[in-house]
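Visitor: Have a look at this one before I ask anything.
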Amino acid sequence: SNKGGTGKTTTSINLAVAAQAAGYDVAMVDLDDQRNLKKWADRRASKYHAYDIPCATASLAQFDFALSQTRGREVVIVDTPPGLNNNMSQIAELIEVADFVIVPTQCGIFDLETVVPWSQAIQRSKANKVSFLLNRVNTRSSELREAQSVLGRYGRLCAIPVRELTAIQKYMKAGLSLTDISGTKDANGKRDIEDVWN
């Protein structure tokens with residue numbers, strides 16, 4: 001997504017762990033200068049050696065180099081930086097090599113007005129390999145239904161919205177993901193992510 005704050009990094013983390021839990025050999029690439037994905041991966045590796053997920057870091061210009069460090073993996077998840085409009089040529093190359101592109105978004109009007117044209121531009125090259133993912137949503141809100149209606153007119157929409165969870169940062173700080181959680185009310189988020197992965 002070309003909008004900040006949509007949950008790109010959190011989505012990348014949660015889907016990487018869901019893929020690993022499903023038995024895939026997973027790696028991640030962090031293209032965001034803030035390096036939050038890499039910091040999370042380092043925390044996870046320091047506590048859960050058997051369940052760490054390797055993470056290469058790079059700028060968009062060095063993407064090919066970072067990708068080369070993940071060769072041989074079955075699933076490679078790439079976290080992109082915010083403000084992609086300044087890096088369109090590199091983003092176009094990244095999209096070209098991607099098997100699938102997820103555009104996370106929240107339900108607000110500014111989110112929708114930003115991601116719809118962005119997604120349409122991506123779809124010109126990837127056709128049916130692009131999907132919106134509604135993220136951080138109140139599943140009982142009329143705003144959710146309105147956002148689903150709008151996004152459904154402009155492209156594929158993942159049928160599972162990922163609900164808002166106030167405790168998510170606690171898990172990220174510990175090197176965990178929603179997929180690692182069980183036995184709490186936050187297990188709803190685990191089901192969301194597992195369903196999105198499936």
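Simple scheme: letters A, B, ... for chains in structure tokens order, numbers from 1 for residues in each chain, numbers from 1 for ligands in the order shown.
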Could you pull out the residues in range 81-175 of chain A that DSSP calls alpha helix (DSSP H) from the backbone, as an MDAnalysis selection string?
Guide: chainID A and resid 88:97 109:126 142:152 168:173
Visitor: Just the strand (DSSP E or B) stuff from range 2-197 of chain A, please, per backbone DSSP, written as an mmCIF file with N, CA, C and O atoms, in the first residue's frame.
Guide:
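Result went into selection-v5.cif, see below:
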data_model
loop_
_atom_site.group_PDB
_atom_site.id
_atom_site.type_symbol
_atom_site.label_atom_id
_atom_site.label_comp_id
_atom_site.auth_asym_id
_atom_site.auth_seq_id
_atom_site.Cartn_x
_atom_site.Cartn_y
_atom_site.Cartn_z
ATOM 1 N N VAL A 26 9.853 -20.425 5.202
ATOM 2 C CA VAL A 26 9.504 -19.015 4.992
ATOM 3 C C VAL A 26 10.696 -18.106 5.258
ATOM 4 O O VAL A 26 11.496 -18.352 6.164
ATOM 5 N N ALA A 27 10.805 -17.044 4.471
ATOM 6 C CA ALA A 27 11.748 -15.957 4.734
ATOM 7 C C ALA A 27 11.026 -14.639 4.495
ATOM 8 O O ALA A 27 9.980 -14.599 3.838
ATOM 9 N N MET A 28 11.594 -13.577 5.043
ATOM 10 C CA MET A 28 11.010 -12.246 4.871
ATOM 11 C C MET A 28 12.077 -11.283 4.367
ATOM 12 O O MET A 28 13.266 -11.483 4.589
ATOM 13 N N VAL A 29 11.613 -10.236 3.688
ATOM 14 C CA VAL A 29 12.493 -9.153 3.241
ATOM 15 C C VAL A 29 11.891 -7.843 3.730
ATOM 16 O O VAL A 29 10.716 -7.561 3.492
ATOM 17 N N ASP A 30 12.700 -7.044 4.428
ATOM 18 C CA ASP A 30 12.266 -5.762 4.981
ATOM 19 C C ASP A 30 12.847 -4.640 4.135
ATOM 20 O O ASP A 30 14.049 -4.407 4.144
ATOM 21 N N CYS A 55 15.239 -12.952 8.018
ATOM 22 C CA CYS A 55 14.777 -11.681 7.445
ATOM 23 C C CYS A 55 15.954 -10.926 6.862
ATOM 24 O O CYS A 55 16.888 -10.572 7.576
ATOM 25 N N ALA A 56 15.932 -10.691 5.558
ATOM 26 C CA ALA A 56 16.940 -9.870 4.890
ATOM 27 C C ALA A 56 16.449 -8.427 4.862
ATOM 28 O O ALA A 56 15.250 -8.165 4.825
ATOM 29 N N THR A 57 17.381 -7.481 4.906
ATOM 30 C CA THR A 57 17.012 -6.063 4.838
ATOM 31 C C THR A 57 17.692 -5.416 3.647
ATOM 32 O O THR A 57 18.781 -5.816 3.237
ATOM 33 N N VAL A 75 8.288 -19.721 0.568
ATOM 34 C CA VAL A 75 7.486 -18.496 0.677
ATOM 35 C C VAL A 75 8.405 -17.359 1.098
ATOM 36 O O VAL A 75 9.145 -17.482 2.080
ATOM 37 N N VAL A 76 8.379 -16.262 0.351
ATOM 38 C CA VAL A 76 9.122 -15.053 0.716
ATOM 39 C C VAL A 76 8.110 -13.910 0.803
ATOM 40 O O VAL A 76 7.406 -13.619 -0.165
ATOM 41 N N ILE A 77 8.044 -13.296 1.978
ATOM 42 C CA ILE A 77 7.101 -12.195 2.201
ATOM 43 C C ILE A 77 7.904 -10.904 2.285
ATOM 44 O O ILE A 77 8.865 -10.804 3.048
ATOM 45 N N VAL A 78 7.493 -9.912 1.483
ATOM 46 C CA VAL A 78 8.220 -8.649 1.382
ATOM 47 C C VAL A 78 7.372 -7.533 1.995
ATOM 48 O O VAL A 78 6.219 -7.344 1.617
ATOM 49 N N ASP A 79 7.965 -6.806 2.934
ATOM 50 C CA ASP A 79 7.316 -5.659 3.565
ATOM 51 C C ASP A 79 7.835 -4.393 2.893
ATOM 52 O O ASP A 79 9.046 -4.140 2.890
ATOM 53 N N VAL A 101 0.118 -9.906 -4.612
ATOM 54 C CA VAL A 101 0.249 -8.607 -3.949
ATOM 55 C C VAL A 101 -0.966 -8.384 -3.056
ATOM 56 O O VAL A 101 -2.106 -8.460 -3.526
ATOM 57 N N ILE A 102 -0.711 -8.112 -1.784
ATOM 58 C CA ILE A 102 -1.779 -7.802 -0.833
ATOM 59 C C ILE A 102 -1.722 -6.314 -0.547
ATOM 60 O O ILE A 102 -0.650 -5.771 -0.245
ATOM 61 N N VAL A 103 -2.863 -5.648 -0.641
ATOM 62 C CA VAL A 103 -2.958 -4.219 -0.358
ATOM 63 C C VAL A 103 -3.775 -4.049 0.922
ATOM 64 O O VAL A 103 -5.005 -4.014 0.873
ATOM 65 N N PRO A 104 -3.103 -3.966 2.083
ATOM 66 C CA PRO A 104 -3.861 -3.790 3.318
ATOM 67 C C PRO A 104 -4.412 -2.367 3.417
ATOM 68 O O PRO A 104 -3.764 -1.414 2.973
ATOM 69 N N THR A 105 -5.596 -2.268 3.989
ATOM 70 C CA THR A 105 -6.207 -0.948 4.171
ATOM 71 C C THR A 105 -7.161 -0.982 5.347
ATOM 72 O O THR A 105 -7.692 -2.035 5.694
ATOM 73 N N VAL A 130 -3.853 -9.555 -7.264
ATOM 74 C CA VAL A 130 -3.849 -8.447 -6.309
ATOM 75 C C VAL A 130 -5.129 -8.531 -5.493
ATOM 76 O O VAL A 130 -6.205 -8.778 -6.036
ATOM 77 N N SER A 131 -4.991 -8.344 -4.186
ATOM 78 C CA SER A 131 -6.180 -8.379 -3.342
ATOM 79 C C SER A 131 -6.088 -7.330 -2.242
ATOM 80 O O SER A 131 -5.037 -7.144 -1.633
ATOM 81 N N PHE A 132 -7.203 -6.641 -2.004
ATOM 82 C CA PHE A 132 -7.315 -5.781 -0.837
ATOM 83 C C PHE A 132 -7.476 -6.660 0.399
ATOM 84 O O PHE A 132 -8.088 -7.729 0.340
ATOM 85 N N LEU A 133 -6.949 -6.189 1.530
ATOM 86 C CA LEU A 133 -7.167 -6.842 2.818
ATOM 87 C C LEU A 133 -7.597 -5.779 3.814
ATOM 88 O O LEU A 133 -6.815 -4.878 4.132
ATOM 89 N N LEU A 134 -8.844 -5.869 4.268
ATOM 90 C CA LEU A 134 -9.304 -4.926 5.284
ATOM 91 C C LEU A 134 -8.683 -5.300 6.621
ATOM 92 O O LEU A 134 -8.759 -6.445 7.059
ATOM 93 N N ASN A 135 -8.069 -4.309 7.259
ATOM 94 C CA ASN A 135 -7.236 -4.545 8.421
ATOM 95 C C ASN A 135 -7.640 -3.583 9.541
ATOM 96 O O ASN A 135 -8.067 -2.462 9.275
ATOM 97 N N ARG A 136 -7.488 -4.043 10.782
ATOM 98 C CA ARG A 136 -7.788 -3.223 11.958
ATOM 99 C C ARG A 136 -9.230 -2.743 11.941
ATOM 100 O O ARG A 136 -9.506 -1.551 12.094
ATOM 101 N N VAL A 137 -10.150 -3.659 11.743
ATOM 102 C CA VAL A 137 -11.552 -3.276 11.587
ATOM 103 C C VAL A 137 -12.388 -3.678 12.794
ATOM 104 O O VAL A 137 -12.072 -4.626 13.513
ATOM 105 N N ARG A 156 -10.294 -7.465 -6.317
ATOM 106 C CA ARG A 156 -10.509 -8.580 -5.400
ATOM 107 C C ARG A 156 -10.397 -8.087 -3.962
ATOM 108 O O ARG A 156 -9.574 -7.233 -3.645
ATOM 109 N N LEU A 157 -11.189 -8.695 -3.105
ATOM 110 C CA LEU A 157 -11.170 -8.354 -1.687
ATOM 111 C C LEU A 157 -11.126 -9.645 -0.895
ATOM 112 O O LEU A 157 -11.971 -10.525 -1.094
ATOM 113 N N VAL A 162 -9.462 -8.502 9.028
ATOM 114 C CA VAL A 162 -8.690 -8.730 10.243
ATOM 115 C C VAL A 162 -9.113 -7.677 11.264
ATOM 116 O O VAL A 162 -9.000 -6.483 11.021
ATOM 117 N N ARG A 163 -9.598 -8.145 12.391
ATOM 118 C CA ARG A 163 -10.169 -7.219 13.379
ATOM 119 C C ARG A 163 -9.110 -6.424 14.117
ATOM 120 O O ARG A 163 -7.945 -6.799 14.166
#
Visitor: Counting only C-alpha atoms, what is within 9 Å of range 150-155 of chain A, bar same-chain residues fewer than 6 positions away, as a PDB file with N, CA and C atoms, in the first residue's frame?
Guide:
ATOM      1  N   LEU A 112      -9.352   4.506   1.820  1.00  0.00           N
ATOM      2  CA  LEU A 112      -9.953   4.001   0.583  1.00  0.00           C
ATOM      3  C   LEU A 112      -9.591   4.873  -0.617  1.00  0.00           C
ATOM      4  N   VAL A 116      -7.416   2.673  -3.504  1.00  0.00           N
ATOM      5  CA  VAL A 116      -8.136   2.252  -4.712  1.00  0.00           C
ATOM      6  C   VAL A 116      -7.351   2.578  -5.979  1.00  0.00           C
ATOM      7  N   PRO A 117      -6.921   3.845  -6.200  1.00  0.00           N
ATOM      8  CA  PRO A 117      -6.153   4.095  -7.430  1.00  0.00           C
ATOM      9  C   PRO A 117      -4.821   3.357  -7.453  1.00  0.00           C
ATOM     10  N   SER A 119      -4.196   0.375  -6.142  1.00  0.00           N
ATOM     11  CA  SER A 119      -4.484  -1.001  -6.500  1.00  0.00           C
ATOM     12  C   SER A 119      -4.820  -1.132  -7.982  1.00  0.00           C
ATOM     13  N   GLN A 120      -5.552  -0.170  -8.518  1.00  0.00           N
ATOM     14  CA  GLN A 120      -5.894  -0.223  -9.941  1.00  0.00           C
ATOM     15  C   GLN A 120      -4.632  -0.175 -10.803  1.00  0.00           C
ATOM     16  N   GLN A 123      -3.033  -3.592 -10.640  1.00  0.00           N
ATOM     17  CA  GLN A 123      -3.808  -4.614 -11.345  1.00  0.00           C
ATOM     18  C   GLN A 123      -3.555  -4.611 -12.839  1.00  0.00           C
ATOM     19  N   ASN A 128      -5.387 -10.646 -11.729  1.00  0.00           N
ATOM     20  CA  ASN A 128      -6.097 -11.238 -10.597  1.00  0.00           C
ATOM     21  C   ASN A 128      -5.168 -11.636  -9.455  1.00  0.00           C
ATOM     22  N   VAL A 130      -3.853  -9.555  -7.264  1.00  0.00           N
ATOM     23  CA  VAL A 130      -3.849  -8.447  -6.309  1.00  0.00           C
ATOM     24  C   VAL A 130      -5.129  -8.531  -5.493  1.00  0.00           C
ATOM     25  N   SER A 131      -4.991  -8.344  -4.186  1.00  0.00           N
ATOM     26  CA  SER A 131      -6.180  -8.379  -3.342  1.00  0.00           C
ATOM     27  C   SER A 131      -6.088  -7.330  -2.242  1.00  0.00           C
ATOM     28  N   PHE A 132      -7.203  -6.641  -2.004  1.00  0.00           N
ATOM     29  CA  PHE A 132      -7.315  -5.781  -0.837  1.00  0.00           C
ATOM     30  C   PHE A 132      -7.476  -6.660   0.399  1.00  0.00           C
TER      31      PHE A 132
END
Visitor: Write out as a PDB file with N, CA, C and O atoms, in the first residue's frame each polymer residue whose atoms come within 12 Å of Thr10 in chain A, counting only C-alpha atoms; drop sequence neighbours fewer than 5 positions from it.
Guide:
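Below is the file that was written, part_31.pdb:
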ATOM      1  N   GLY A   5       0.558   3.388   7.838  1.00  0.00           N
ATOM      2  CA  GLY A   5      -0.357   3.055   8.919  1.00  0.00           C
ATOM      3  C   GLY A   5      -1.444   2.058   8.583  1.00  0.00           C
ATOM      4  O   GLY A   5      -2.404   1.915   9.353  1.00  0.00           O
ATOM      5  N   LEU A  15       1.264 -13.143   8.500  1.00  0.00           N
ATOM      6  CA  LEU A  15       1.158 -14.113   7.412  1.00  0.00           C
ATOM      7  C   LEU A  15       2.401 -14.996   7.307  1.00  0.00           C
ATOM      8  O   LEU A  15       2.301 -16.170   6.967  1.00  0.00           O
ATOM      9  N   ALA A  16       3.572 -14.430   7.646  1.00  0.00           N
ATOM     10  CA  ALA A  16       4.797 -15.249   7.620  1.00  0.00           C
ATOM     11  C   ALA A  16       4.703 -16.371   8.644  1.00  0.00           C
ATOM     12  O   ALA A  16       5.045 -17.528   8.356  1.00  0.00           O
ATOM     13  N   VAL A  17       4.232 -16.056   9.842  1.00  0.00           N
ATOM     14  CA  VAL A  17       4.127 -17.091  10.881  1.00  0.00           C
ATOM     15  C   VAL A  17       3.028 -18.089  10.530  1.00  0.00           C
ATOM     16  O   VAL A  17       3.171 -19.293  10.745  1.00  0.00           O
ATOM     17  N   ASP A  30      12.700  -7.044   4.428  1.00  0.00           N
ATOM     18  CA  ASP A  30      12.266  -5.762   4.981  1.00  0.00           C
ATOM     19  C   ASP A  30      12.847  -4.640   4.135  1.00  0.00           C
ATOM     20  O   ASP A  30      14.049  -4.407   4.144  1.00  0.00           O
ATOM     21  N   ASN A  36      11.327  -2.318  11.130  1.00  0.00           N
ATOM     22  CA  ASN A  36      10.514  -2.939  12.176  1.00  0.00           C
ATOM     23  C   ASN A  36      10.341  -4.443  11.971  1.00  0.00           C
ATOM     24  O   ASN A  36      10.293  -5.210  12.933  1.00  0.00           O
ATOM     25  N   LEU A  37      10.249  -4.872  10.721  1.00  0.00           N
ATOM     26  CA  LEU A  37      10.126  -6.303  10.438  1.00  0.00           C
ATOM     27  C   LEU A  37      11.390  -7.043  10.898  1.00  0.00           C
ATOM     28  O   LEU A  37      11.310  -8.089  11.542  1.00  0.00           O
ATOM     29  N   LYS A  38      12.547  -6.484  10.598  1.00  0.00           N
ATOM     30  CA  LYS A  38      13.821  -7.090  10.998  1.00  0.00           C
ATOM     31  C   LYS A  38      13.960  -7.109  12.515  1.00  0.00           C
ATOM     32  O   LYS A  38      14.415  -8.106  13.098  1.00  0.00           O
ATOM     33  N   TRP A  40      11.585  -7.248  14.699  1.00  0.00           N
ATOM     34  CA  TRP A  40      10.696  -8.304  15.196  1.00  0.00           C
ATOM     35  C   TRP A  40      11.334  -9.678  14.975  1.00  0.00           C
ATOM     36  O   TRP A  40      11.328 -10.526  15.868  1.00  0.00           O
ATOM     37  N   ALA A  41      11.883  -9.904  13.781  1.00  0.00           N
ATOM     38  CA  ALA A  41      12.496 -11.202  13.467  1.00  0.00           C
ATOM     39  C   ALA A  41      13.655 -11.504  14.410  1.00  0.00           C
ATOM     40  O   ALA A  41      13.842 -12.647  14.841  1.00  0.00           O
ATOM     41  N   ILE A  77       8.044 -13.296   1.978  1.00  0.00           N
ATOM     42  CA  ILE A  77       7.101 -12.195   2.201  1.00  0.00           C
ATOM     43  C   ILE A  77       7.904 -10.904   2.285  1.00  0.00           C
ATOM     44  O   ILE A  77       8.865 -10.804   3.048  1.00  0.00           O
ATOM     45  N   VAL A  78       7.493  -9.912   1.483  1.00  0.00           N
ATOM     46  CA  VAL A  78       8.220  -8.649   1.382  1.00  0.00           C
ATOM     47  C   VAL A  78       7.372  -7.533   1.995  1.00  0.00           C
ATOM     48  O   VAL A  78       6.219  -7.344   1.617  1.00  0.00           O
ATOM     49  N   ASP A  79       7.965  -6.806   2.934  1.00  0.00           N
ATOM     50  CA  ASP A  79       7.316  -5.659   3.565  1.00  0.00           C
ATOM     51  C   ASP A  79       7.835  -4.393   2.893  1.00  0.00           C
ATOM     52  O   ASP A  79       9.046  -4.140   2.890  1.00  0.00           O
ATOM     53  N   THR A  80       6.934  -3.623   2.312  1.00  0.00           N
ATOM     54  CA  THR A  80       7.343  -2.421   1.585  1.00  0.00           C
ATOM     55  C   THR A  80       7.242  -1.177   2.469  1.00  0.00           C
ATOM     56  O   THR A  80       6.490  -1.155   3.442  1.00  0.00           O
ATOM     57  N   PRO A 104      -3.103  -3.966   2.083  1.00  0.00           N
ATOM     58  CA  PRO A 104      -3.861  -3.790   3.318  1.00  0.00           C
ATOM     59  C   PRO A 104      -4.412  -2.367   3.417  1.00  0.00           C
ATOM     60  O   PRO A 104      -3.764  -1.414   2.973  1.00  0.00           O
ATOM     61  N   ASN A 135      -8.069  -4.309   7.259  1.00  0.00           N
ATOM     62  CA  ASN A 135      -7.236  -4.545   8.421  1.00  0.00           C
ATOM     63  C   ASN A 135      -7.640  -3.583   9.541  1.00  0.00           C
ATOM     64  O   ASN A 135      -8.067  -2.462   9.275  1.00  0.00           O
ATOM     65  N   ARG A 136      -7.488  -4.043  10.782  1.00  0.00           N
ATOM     66  CA  ARG A 136      -7.788  -3.223  11.958  1.00  0.00           C
ATOM     67  C   ARG A 136      -9.230  -2.743  11.941  1.00  0.00           C
ATOM     68  O   ARG A 136      -9.506  -1.551  12.094  1.00  0.00           O
ATOM     69  N   VAL A 162      -9.462  -8.502   9.028  1.00  0.00           N
ATOM     70  CA  VAL A 162      -8.690  -8.730  10.243  1.00  0.00           C
ATOM     71  C   VAL A 162      -9.113  -7.677  11.264  1.00  0.00           C
ATOM     72  O   VAL A 162      -9.000  -6.483  11.021  1.00  0.00           O
ATOM     73  N   GLU A 164      -9.549  -5.322  14.680  1.00  0.00           N
ATOM     74  CA  GLU A 164      -8.700  -4.459  15.509  1.00  0.00           C
ATOM     75  C   GLU A 164      -8.407  -5.163  16.823  1.00  0.00           C
ATOM     76  O   GLU A 164      -9.323  -5.627  17.499  1.00  0.00           O
ATOM     77  N   LEU A 165      -7.149  -5.253  17.171  1.00  0.00           N
ATOM     78  CA  LEU A 165      -6.753  -5.855  18.447  1.00  0.00           C
ATOM     79  C   LEU A 165      -5.825  -4.889  19.171  1.00  0.00           C
ATOM     80  O   LEU A 165      -4.739  -4.575  18.675  1.00  0.00           O
ATOM     81  N   ILE A 168      -2.037  -6.008  20.141  1.00  0.00           N
ATOM     82  CA  ILE A 168      -1.120  -6.534  19.131  1.00  0.00           C
ATOM     83  C   ILE A 168       0.330  -6.103  19.372  1.00  0.00           C
ATOM     84  O   ILE A 168       1.263  -6.880  19.173  1.00  0.00           O
ATOM     85  N   GLN A 169       0.536  -4.870  19.847  1.00  0.00           N
ATOM     86  CA  GLN A 169       1.903  -4.394  20.066  1.00  0.00           C
ATOM     87  C   GLN A 169       2.617  -5.191  21.156  1.00  0.00           C
ATOM     88  O   GLN A 169       3.827  -5.377  21.108  1.00  0.00           O
ATOM     89  N   TYR A 171       2.367  -8.357  21.636  1.00  0.00           N
ATOM     90  CA  TYR A 171       2.878  -9.571  21.010  1.00  0.00           C
ATOM     91  C   TYR A 171       4.082  -9.273  20.122  1.00  0.00           C
ATOM     92  O   TYR A 171       5.063 -10.018  20.109  1.00  0.00           O
ATOM     93  N   MET A 172       4.006  -8.179  19.373  1.00  0.00           N
ATOM     94  CA  MET A 172       5.118  -7.811  18.494  1.00  0.00           C
ATOM     95  C   MET A 172       6.391  -7.570  19.313  1.00  0.00           C
ATOM     96  O   MET A 172       7.480  -7.953  18.919  1.00  0.00           O
ATOM     97  N   LYS A 173       6.229  -6.943  20.456  1.00  0.00           N
ATOM     98  CA  LYS A 173       7.375  -6.641  21.328  1.00  0.00           C
ATOM     99  C   LYS A 173       8.053  -7.916  21.814  1.00  0.00           C
ATOM    100  O   LYS A 173       9.257  -7.940  22.065  1.00  0.00           O
ATOM    101  N   GLY A 175       8.262 -10.691  20.046  1.00  0.00           N
ATOM    102  CA  GLY A 175       8.670 -11.540  18.929  1.00  0.00           C
ATOM    103  C   GLY A 175       7.613 -12.570  18.572  1.00  0.00           C
ATOM    104  O   GLY A 175       7.915 -13.605  17.979  1.00  0.00           O
ATOM    105  N   LEU A 176       6.374 -12.280  18.923  1.00  0.00           N
ATOM    106  CA  LEU A 176       5.255 -13.181  18.622  1.00  0.00           C
ATOM    107  C   LEU A 176       4.403 -12.601  17.500  1.00  0.00           C
ATOM    108  O   LEU A 176       4.559 -11.447  17.121  1.00  0.00           O
ATOM    109  N   SER A 177       3.483 -13.423  17.020  1.00  0.00           N
ATOM    110  CA  SER A 177       2.482 -12.964  16.055  1.00  0.00           C
ATOM    111  C   SER A 177       1.127 -13.416  16.559  1.00  0.00           C
ATOM    112  O   SER A 177       1.033 -14.176  17.527  1.00  0.00           O
ATOM    113  N   LEU A 178       0.086 -13.001  15.870  1.00  0.00           N
ATOM    114  CA  LEU A 178      -1.253 -13.453  16.256  1.00  0.00           C
ATOM    115  C   LEU A 178      -1.386 -14.965  16.146  1.00  0.00           C
ATOM    116  O   LEU A 178      -2.118 -15.592  16.896  1.00  0.00           O
ATOM    117  N   THR A 179      -0.651 -15.556  15.222  1.00  0.00           N
ATOM    118  CA  THR A 179      -0.737 -16.999  15.013  1.00  0.00           C
ATOM    119  C   THR A 179      -0.193 -17.780  16.211  1.00  0.00           C
ATOM    120  O   THR A 179      -0.533 -18.942  16.405  1.00  0.00           O
ATOM    121  N   GLY A 189      -8.107 -12.920  16.619  1.00  0.00           N
ATOM    122  CA  GLY A 189      -7.182 -12.420  15.604  1.00  0.00           C
ATOM    123  C   GLY A 189      -6.391 -13.537  14.967  1.00  0.00           C
ATOM    124  O   GLY A 189      -6.108 -13.518  13.771  1.00  0.00           O
ATOM    125  N   ILE A 193      -6.181 -14.339  10.866  1.00  0.00           N
ATOM    126  CA  ILE A 193      -4.957 -14.470  10.076  1.00  0.00           C
ATOM    127  C   ILE A 193      -4.862 -15.856   9.439  1.00  0.00           C
ATOM    128  O   ILE A 193      -4.484 -15.991   8.267  1.00  0.00           O
TER     129      ILE A 193
END
Visitor: Which of these, A:Gln106, A:Asn2, A:Thr114, A:Ser68, has the shortest distance to Glu146 in chain A once you count only C-alpha atoms?
Guide: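 That would be A:Gln106, the residue with the smallest distance to Glu146 in chain A.
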Visitor: Find the residues near Gln62 in chain A: any atom within 12 Å, counting only C-alpha atoms, skip ones fewer than 3 places away on the same chain, and give them as a PyMOL selection string.
Guide: chain A and resi 29-32+56-59+65-69+90-91+93-94
Visitor: What is the distance between CA of Lys129 in chain A and CA of Phe100 in chain A, in Å to one decimal?
Guide: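 Computing the Euclidean distance for CA of Lys129 in chain A and CA of Phe100 in chain A yields 5.0 Å.
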Visitor: For a test of reading the model, state the distance in Å between CA of Asp99 in chain A and CA of Ser1 in chain A, rounded to one decimal.
Guide: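 CA of Ser1 in chain A lies 16.1 Å from CA of Asp99 in chain A.
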Visitor: Distance CA of Ala19 in chain A-CA of Glu74 in chain A, one decimal place?
Guide: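 According to the coordinates, CA of Ala19 in chain A and CA of Glu74 in chain A are separated by 9.6 Å.
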Visitor: For Gly4 in chain A, which residue out of A:Ile181, A:Ala61, A:Ile109, A:Val115 is the nearest one, using only C-alpha atoms?
Guide: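 Between A:Ile181, A:Ala61, A:Ile109, A:Val115, the residue approaching Gly4 in chain A most closely is A:Val115.
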